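Worksheet for the structure shown next.
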Amino acid sequence: MRTELFTVSKIFTESLYRIPDYQRGYSWQLEQLKDFWLDLEQLQDDGKHYIGVLTLEEVSDRIWAKWEDDTWIIRSRRYEPYYVVDGQQRLTTVIILIQAIIEACNSSQLNFTPLSDIRRKYVFDSKPEDLARSYVFGYEKDNPSYEFLKKRIFMEDSDVHLPDEATIYTKNLLAAKSFFAEQLKGLSEKELEKIYTKITQQLVFNVYEIATDIDVFVTFETMNNRGKPLSTLELLKNRLIYLSTKLPSPEEREGILRRNVNDAWKSAYHYLGKNSERQLEDDEFLRTQLSHFYFSALRELPEKLAEGDRERELREFAGILEYADKFLLNRLFTPKRIAGNEQEDSIPALTGGFIKQYSDHLKRSVELYFKLSTPEQSEFNDSEKIQLERIGRLRGYSPSPMLMALFLKERKAEKRARLMEKMERYYFCISFSGRNPYYFGRRGYYAADYFVDYTAGRLNTDDAITLFENRTNELFKEMSLHEQLHDWIKNGHNYYGWRAIKYFLYEYELELQKQSRSHRDKINWSEFCRENFRDDYETIEHIYPQRARDKYWTDRFSKYSPAQKRLLRHSLGNLLPLSKPRNSSLGNKSFPEKVGGDGKKTGYRFGSYSENEVALFEEWNAEKILERGLRLLDFMEKRWKLSIGDRKQKARALGLGFLAD
């Protein structure tokens, strides 16, 4: 293995670089980009900055001979073709920044070098008499990032007339270019030249060239412990391609299997990154997909359970959800299992057919997974879309194994919607308890049991509907709901800290919108539920504020004890969903100022439907907090078909029994 220190300028001298198919795409996000830019800013004019390791594999002539656009530059100009095994994130970032500098430059040269020469060195070169271009850095052609990099980053025409295929990685490429364009905006020509010099002459890579007798796939796994960690999904793709090269099969079949794996992962990255508002987690999907593959393809589930079988199945299911990475990489797809060298009774031999079966299953699963998480882009009927949205808002948009199983097995849409309605009600009712819906217990049916039994055919959809209904009713058998809520508050909890508070207030907002017969949404859920607003911004307001120093509030609440004031502030009736995030300091004003008016276009009068409703109150005191809280509990009873009790019982459930008394 040869190693040397190289500047970026030397790295891009008579060499071509390609990201191989087993590599993930560009995964750097804002945090890594900011660190990279800070390093450049702090780099002294006469200094060098070590940027990391660049590990390369020389591409064999058998492979590059198929690169139609590049053979001329390799043969005629003796350019060396390399695969980037490690360091592609940093190298891609460098290239994007160089392209951003070229676009930001208003003159025809940088550092006395024509921009055309800079572009020829770092972006592409072409024959003088031909339009064909050889890109100095890029992806292999079957990667969706190949066309995206060419069209959206390098701003070059493409002979492929297809819409841009958005993936997690292509979005990161565009975000990086936008970030650098923003940093370069307004810089003088001298400042641009200074940045360009730092990138090309002062950033230093430690370049390793892998010897031909070292396995590049193993190197990739072992070396990728720096930078942003690889997800299990990314590691698994590399592992399956590696195994395809070790199978006792002709070279042509190896290529077919490799394309099959690439095609499956191309679909995975496409669907997981398709919704820019709601990006899905790689490994969350992989756990759900594996649970289905395991219990449908690897395990033969008995139609009837023998004694002890249930607990064993639950332990297996829990293990799949918790240790999917170890199962896939350390048990299911290992070199030792090729051709029956190391087998387990419950797992088929590791063959090309088995790898294809798994890849095909992953490809089918990810499309359904996306539709369940993004129902507005699905062909499901309106009832199903409503229920999927509700479950997504309540539990997160990563579909559970049970939800996937439902859409894989049940063909009748009305039954699917009915079961989801029961599931949503169950998840809502346990939100007060902190209980995990996937609790693995010894007694009775839990949500985890339903998935395994449903997959095995021991339950049909009608059975599951009944079981979810019964399970919800069991929650209130020993203690009524109003008593549970009273104890919940007595034990130090409050509605402001309730994990379903945003979901509940949003559902009430939708009810008010329905009553108004308006089609205009005043609260955007994705913005309302965000957790990463600045600390001084909020989407739920305490009408009676947490820092109630204004005379309006002291006049109305001074007669209550500190404990009672705390109960009033965090009680359900005092919490208001805002149409737009608001600075928390604005929430300390008096009630009339919060309502707004007198020509001002701010305040509750101009906010959400919930804000509009509160604006109708003439004043805000403890009695009004109780009144609105009772109204919200009435809605809870109706919406989730619950029984909370009479006025006095509901007041206790709100933590405001002292007012009812």
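Residues in the structure tokens are named by chain (A, B, ... in the order shown) and by number from 1 within that chain; ligands are numbered from 1 in the order shown.
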Which of stretch 31-218 of chain A fall in strand (DSSP E), as a PyMOL selection string: chain A and resi 49-58+80-86+109-110+113-114+124-126+133-135+137-139+203-209
Write out, as a tab-separated table (two decimals), in the first residue's frame, the residues just selected, with N, CA and C atoms.
```tsv
chain	number	residue	atom	x	y	z
A	49	HIS	N	-3.22	22.54	5.81
A	49	HIS	CA	-4.24	21.93	6.67
A	49	HIS	C	-4.46	20.49	6.23
A	50	TYR	N	-4.25	19.56	7.16
A	50	TYR	CA	-4.45	18.13	6.87
A	50	TYR	C	-5.95	17.84	6.88
A	51	ILE	N	-6.44	17.42	5.74
A	51	ILE	CA	-7.88	17.24	5.60
A	51	ILE	C	-8.32	15.79	5.81
A	52	GLY	N	-7.37	14.84	5.78
A	52	GLY	CA	-7.74	13.45	6.05
A	52	GLY	C	-7.14	12.48	5.06
A	53	VAL	N	-7.66	11.27	5.11
A	53	VAL	CA	-7.13	10.18	4.29
A	53	VAL	C	-7.95	10.04	3.02
A	54	LEU	N	-7.27	9.81	1.92
A	54	LEU	CA	-7.91	9.50	0.64
A	54	LEU	C	-7.38	8.14	0.20
A	55	THR	N	-8.25	7.14	0.26
A	55	THR	CA	-7.85	5.78	-0.10
A	55	THR	C	-8.38	5.45	-1.48
A	56	LEU	N	-7.47	5.04	-2.37
A	56	LEU	CA	-7.81	4.83	-3.78
A	56	LEU	C	-7.54	3.39	-4.20
A	57	GLU	N	-8.35	2.93	-5.14
A	57	GLU	CA	-8.14	1.63	-5.78
A	57	GLU	C	-8.03	1.86	-7.28
A	58	GLU	N	-6.95	1.42	-7.88
A	58	GLU	CA	-6.79	1.57	-9.32
A	58	GLU	C	-7.83	0.71	-10.04
A	80	GLU	N	-4.92	8.28	-15.10
A	80	GLU	CA	-5.07	7.08	-14.26
A	80	GLU	C	-6.48	7.06	-13.66
A	81	PRO	N	-7.26	5.99	-13.89
A	81	PRO	CA	-8.61	5.91	-13.31
A	81	PRO	C	-8.57	5.26	-11.91
A	82	TYR	N	-9.24	5.88	-10.95
A	82	TYR	CA	-9.25	5.37	-9.58
A	82	TYR	C	-10.68	5.32	-9.03
A	83	TYR	N	-10.92	4.31	-8.20
A	83	TYR	CA	-12.10	4.29	-7.34
A	83	TYR	C	-11.73	4.94	-6.01
A	84	VAL	N	-12.63	5.75	-5.47
A	84	VAL	CA	-12.41	6.35	-4.16
A	84	VAL	C	-13.01	5.43	-3.11
A	85	VAL	N	-12.16	4.74	-2.37
A	85	VAL	CA	-12.61	3.79	-1.35
A	85	VAL	C	-12.96	4.52	-0.05
A	86	ASP	N	-12.15	5.50	0.30
A	86	ASP	CA	-12.39	6.26	1.53
A	86	ASP	C	-11.97	7.71	1.30
A	109	GLN	N	-10.68	34.71	-15.12
A	109	GLN	CA	-9.57	33.94	-14.59
A	109	GLN	C	-9.50	34.06	-13.06
A	110	LEU	N	-8.78	33.13	-12.47
A	110	LEU	CA	-8.47	33.13	-11.04
A	110	LEU	C	-6.99	32.86	-10.89
A	113	THR	N	-5.05	32.11	-13.89
A	113	THR	CA	-5.39	30.88	-14.60
A	113	THR	C	-6.78	31.04	-15.20
A	114	PRO	N	-6.95	30.86	-16.51
A	114	PRO	CA	-8.29	30.98	-17.11
A	114	PRO	C	-9.28	30.01	-16.45
A	124	PHE	N	-14.29	18.78	-15.98
A	124	PHE	CA	-14.35	17.89	-17.14
A	124	PHE	C	-13.34	18.32	-18.19
A	125	ASP	N	-13.01	17.37	-19.05
A	125	ASP	CA	-12.18	17.66	-20.22
A	125	ASP	C	-12.89	17.07	-21.43
A	126	SER	N	-12.57	17.58	-22.60
A	126	SER	CA	-13.23	17.07	-23.80
A	126	SER	C	-12.28	17.14	-24.99
A	133	ARG	N	-17.69	14.57	-23.22
A	133	ARG	CA	-16.92	15.07	-22.09
A	133	ARG	C	-16.59	13.95	-21.13
A	134	SER	N	-15.39	14.03	-20.60
A	134	SER	CA	-14.96	13.09	-19.56
A	134	SER	C	-14.88	13.87	-18.25
A	135	TYR	N	-15.70	13.48	-17.30
A	135	TYR	CA	-15.73	14.18	-16.02
A	135	TYR	C	-14.62	13.66	-15.12
A	137	PHE	N	-14.20	13.98	-11.94
A	137	PHE	CA	-14.70	13.39	-10.69
A	137	PHE	C	-16.18	13.11	-10.86
A	138	GLY	N	-16.63	11.96	-10.39
A	138	GLY	CA	-18.06	11.65	-10.49
A	138	GLY	C	-18.39	10.29	-9.95
A	139	TYR	N	-19.62	9.89	-10.22
A	139	TYR	CA	-20.14	8.60	-9.76
A	139	TYR	C	-20.21	7.65	-10.95
A	203	LEU	N	-4.79	22.64	1.31
A	203	LEU	CA	-5.42	21.45	1.87
A	203	LEU	C	-4.62	20.22	1.45
A	204	VAL	N	-4.31	19.36	2.40
A	204	VAL	CA	-3.44	18.21	2.13
A	204	VAL	C	-4.14	16.91	2.51
A	205	PHE	N	-4.17	15.98	1.57
A	205	PHE	CA	-4.68	14.62	1.80
A	205	PHE	C	-3.52	13.66	2.02
A	206	ASN	N	-3.75	12.68	2.87
A	206	ASN	CA	-2.84	11.55	2.98
A	206	ASN	C	-3.38	10.48	2.04
A	207	VAL	N	-2.72	10.28	0.90
A	207	VAL	CA	-3.25	9.41	-0.15
A	207	VAL	C	-2.68	8.01	-0.03
A	208	TYR	N	-3.59	7.04	0.07
A	208	TYR	CA	-3.20	5.62	0.06
A	208	TYR	C	-3.69	5.00	-1.24
A	209	GLU	N	-2.85	4.22	-1.84
A	209	GLU	CA	-3.29	3.44	-3.00
A	209	GLU	C	-3.26	1.97	-2.62
```
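Remark: for A:Arg239, the closest of the candidate residues A:Pro302, A:Gly308, A:Gly657, A:Pro335 is A:Pro335 (distances computed over only C-alpha atoms).
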So which residues touch stretch 589-593 of chain A within 7 Å, counting only C-alpha atoms, skipping near sequence neighbours fewer than 4 positions away, as a PyMOL selection string? chain A and resi 550+552-553+619-620
List as a PyMOL selection string the protein and nucleic acid residues near A:Gly492, meaning an atom at most 10 Å away when only C-alpha atoms are counted, but skip any in the same chain fewer than 4 places from it. chain A and resi 487-488+567
Would you list the contacts of A:Glu541 as a list in words, taking every protein, DNA or RNA residue within 7 Å and counting only C-alpha atoms, but skipping same-chain residues closer than 4 positions in sequence?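 Final neighbour list, sorted by chain and number: Leu575, Leu576, Pro577, Leu578 and Gly587 of chain A.
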Deliver the residues from the most recent selection as a file, using N, CA and C atoms, as a PDB file, in the first residue's frame.
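As written to disk, selection.pdb reads:
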```pdb
ATOM      1  N   LEU A 575     -53.417  25.981  27.492  1.00  0.00           N
ATOM      2  CA  LEU A 575     -52.420  25.733  26.447  1.00  0.00           C
ATOM      3  C   LEU A 575     -53.032  25.985  25.077  1.00  0.00           C
ATOM      4  N   LEU A 576     -52.335  26.760  24.270  1.00  0.00           N
ATOM      5  CA  LEU A 576     -52.896  27.215  23.004  1.00  0.00           C
ATOM      6  C   LEU A 576     -51.924  26.958  21.855  1.00  0.00           C
ATOM      7  N   PRO A 577     -52.353  26.234  20.799  1.00  0.00           N
ATOM      8  CA  PRO A 577     -51.483  26.025  19.634  1.00  0.00           C
ATOM      9  C   PRO A 577     -51.420  27.284  18.774  1.00  0.00           C
ATOM     10  N   LEU A 578     -50.217  27.698  18.415  1.00  0.00           N
ATOM     11  CA  LEU A 578     -50.020  28.927  17.657  1.00  0.00           C
ATOM     12  C   LEU A 578     -49.883  28.630  16.166  1.00  0.00           C
ATOM     13  N   GLY A 587     -45.232  36.148  24.954  1.00  0.00           N
ATOM     14  CA  GLY A 587     -46.316  35.471  25.659  1.00  0.00           C
ATOM     15  C   GLY A 587     -46.520  35.954  27.073  1.00  0.00           C
TER      16      GLY A 587
END
```
What's the separation between atom CA of A:Arg652 and atom CA of A:His570, in Å to one decimal place? 13.9 Å
